[in-house]
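Encoded as structure tokens, the structure appears first; notes follow it.
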Amino acid sequence: MFEMKAVRDFMRRQLVTLGAETCVLDGIGNLLKHNISGAPVVDSDGRFLGVFSEKCCMNSLTTALEVGSDAGMFLPPVRQFMASELVTLNPDTDVFDAIDHLLKHRISGAPVVNGAGEYQGVFSEKTAMRALIAAVYDQLPGTSVSHYMDLDRNRLVSEEDLLLEVAHRFQQTPYRRFPVLRGNKLVGQVSRRDVLRAEQRLAMEIRERVLRTGDSAQWSAVGITHIVGDYMDSGVVTTCMGSDLLSVAQMFLNSPYRRIPILESGKLVGQVSRRDVLEAAAALLRPATARYSAEMLYLSPLHRAAPASLR
């Protein structure tokens, strides 16, 4: 048995926050600068107002892309902004080793491919959390990634799909990454952040054009003068420092959010992410002895060493 941790034991207290009056483009730049997928929005007294996430960013920028597309602006295909050097998992990899690997590389998910490089599914933070909760509640032993990977093939994209099309798909789905296939072979991956960086560059181009032409009506129409408060998500799930590890894990499973703000008397005091929950749970459940039945596969030749739990 183990002692169940409370949120106060593993939450993050040092956070990047935004004000509701912050310009959307400045808010997006802040997320990209700090390499984070979202930030709490607070007022001058520290009271929580909402969250400005990657999806909120896309909602603010996609209109600009639509205007640019109608005006004949070049929109790049997936092959020009996808990532092609990826950490991948084998379907037979032990699920706890896979979780260790996500945490070690600070990634929120990885494609699963077989020995022939054929795409099988995705193992993400959310599917990892299902495995950990099953281990806690049902005292189940470790099993393979194949039992927990996401098999939804609607998340797949082609190298030839255009930026605007992919942005719309991210807006309409909860996914944070789309595997890119050539036939049945995995050739890359595009994430919300990849799309957001590409969208930001084009939005900046549109802003420069508007500044040159002096068409303030068009500037307002594409939303690049809007503020964070126009797009933030004010209906997010929140909790308090006394919540226990399993209750927070269930909150993540029952919602699309990657982070949950921690409030005391309406004020933001911290934040807990899916990764924080996985790290805390994995530390409790990680077997004392190493397992040798799994092996990690990579598309990139830059990574060759197996994780510590496999050595």
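Note on naming: chains are A, B, ... as they come in the structure tokens, residues start from 1 per chain, ligands start from 1 in the order shown.
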What residues in segment 78-150 of chain A get the DSSP label strand (DSSP E or B)? Please answer as a list in words.
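These are the residues in question: Ala83, Val87, Thr88, Leu89, Asp94, Gly109, Ala110, Pro111, Val112, Val113, Glu118, Tyr119, Gln120, Gly121, Val122, Phe123, Ser124, Ser144 and Asp150 of chain A.
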Leaving out Gln171 of chain A and any residue of its chain fewer than 2 positions from it, which residues lie within 8 Å of it when counting only C-alpha atoms, given as a list in words?
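Listed by chain and then number, they are Lys55, Met58, Asn59, Ala167, His168, Arg169, Thr173 and Pro174 of chain A.
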As a VMD selection string, please: the residues near segment 270-281 of chain A (cut-off 10 Å, only C-alpha atoms, same-chain neighbours under 3 positions excluded).
chain A and resid 4 to 15 39 to 40 99 to 100 102 to 104 106 to 108 125 to 126 128 to 129 132 to 133 135 to 136 238 to 241 245 to 246 248 to 249 251 to 253 257 to 264 267 284 to 286
DSSP on the backbone, alpha helix (DSSP H) only: what residues of segment 112-274 of chain A does that give? Format it as a VMD selection string.
chain A and resid 125 to 138 163 to 172 192 to 213 216 to 221 245 to 253 274
In Å, with one decimal, what is the gap from atom CA of Asp92 of chain A to atom CA of Arg130 of chain A?
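Separation of atom CA of Asp92 of chain A and atom CA of Arg130 of chain A: 17.3 Å.
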Nearest to Ser146 of chain A among A:Phe123, A:Phe81, A:Phe52, A:Tyr175, with distances taken over only C-alpha atoms: which residue is it?
A:Phe123
Quick check, in Å to one decimal: how far apart do atom CA of Ala198 of chain A and atom CA of Ser234 of chain A lie?
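So the answer is 26.1 Å.
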Would you kindly return, as a ChimeraX atom specification, each protein, DNA or RNA residue with an atom no farther than 10 Å from any atom of Leu202 of chain A, considering only C-alpha atoms and excluding same-chain residues fewer than 4 positions away?
/A:61,64-65,68,73-75,196-198,206-208
So that I can check the surroundings of Asp43 of chain A, please list as an MDAnalysis selection string every protein, DNA and RNA residue that reaches within 9 Å of it, counting only C-alpha atoms and ignoring chain neighbours fewer than 3 positions away.
chainID A and resid 18:20 46:49
How would the residues just chosen look if you wrote them out with N, CA and C atoms as a PDB file, in the first residue's frame?
```pdb
ATOM      1  N   LEU A  18      -1.304  35.449 -17.687  1.00  0.00           N
ATOM      2  CA  LEU A  18      -1.636  36.521 -18.622  1.00  0.00           C
ATOM      3  C   LEU A  18      -2.765  37.362 -18.043  1.00  0.00           C
ATOM      4  N   GLY A  19      -2.847  38.605 -18.496  1.00  0.00           N
ATOM      5  CA  GLY A  19      -3.978  39.462 -18.154  1.00  0.00           C
ATOM      6  C   GLY A  19      -5.024  39.401 -19.249  1.00  0.00           C
ATOM      7  N   ALA A  20      -6.272  39.616 -18.898  1.00  0.00           N
ATOM      8  CA  ALA A  20      -7.353  39.538 -19.880  1.00  0.00           C
ATOM      9  C   ALA A  20      -7.219  40.607 -20.961  1.00  0.00           C
ATOM     10  N   GLY A  46      -4.958  38.825  -8.617  1.00  0.00           N
ATOM     11  CA  GLY A  46      -4.641  37.405  -8.638  1.00  0.00           C
ATOM     12  C   GLY A  46      -5.852  36.503  -8.715  1.00  0.00           C
ATOM     13  N   ARG A  47      -7.025  37.068  -8.952  1.00  0.00           N
ATOM     14  CA  ARG A  47      -8.232  36.240  -9.065  1.00  0.00           C
ATOM     15  C   ARG A  47      -8.264  35.565 -10.426  1.00  0.00           C
ATOM     16  N   PHE A  48      -8.619  34.311 -10.404  1.00  0.00           N
ATOM     17  CA  PHE A  48      -8.617  33.493 -11.617  1.00  0.00           C
ATOM     18  C   PHE A  48      -9.781  33.867 -12.522  1.00  0.00           C
ATOM     19  N   LEU A  49      -9.482  34.066 -13.815  1.00  0.00           N
ATOM     20  CA  LEU A  49     -10.503  34.435 -14.797  1.00  0.00           C
ATOM     21  C   LEU A  49     -10.732  33.353 -15.841  1.00  0.00           C
TER      22      LEU A  49
END
```
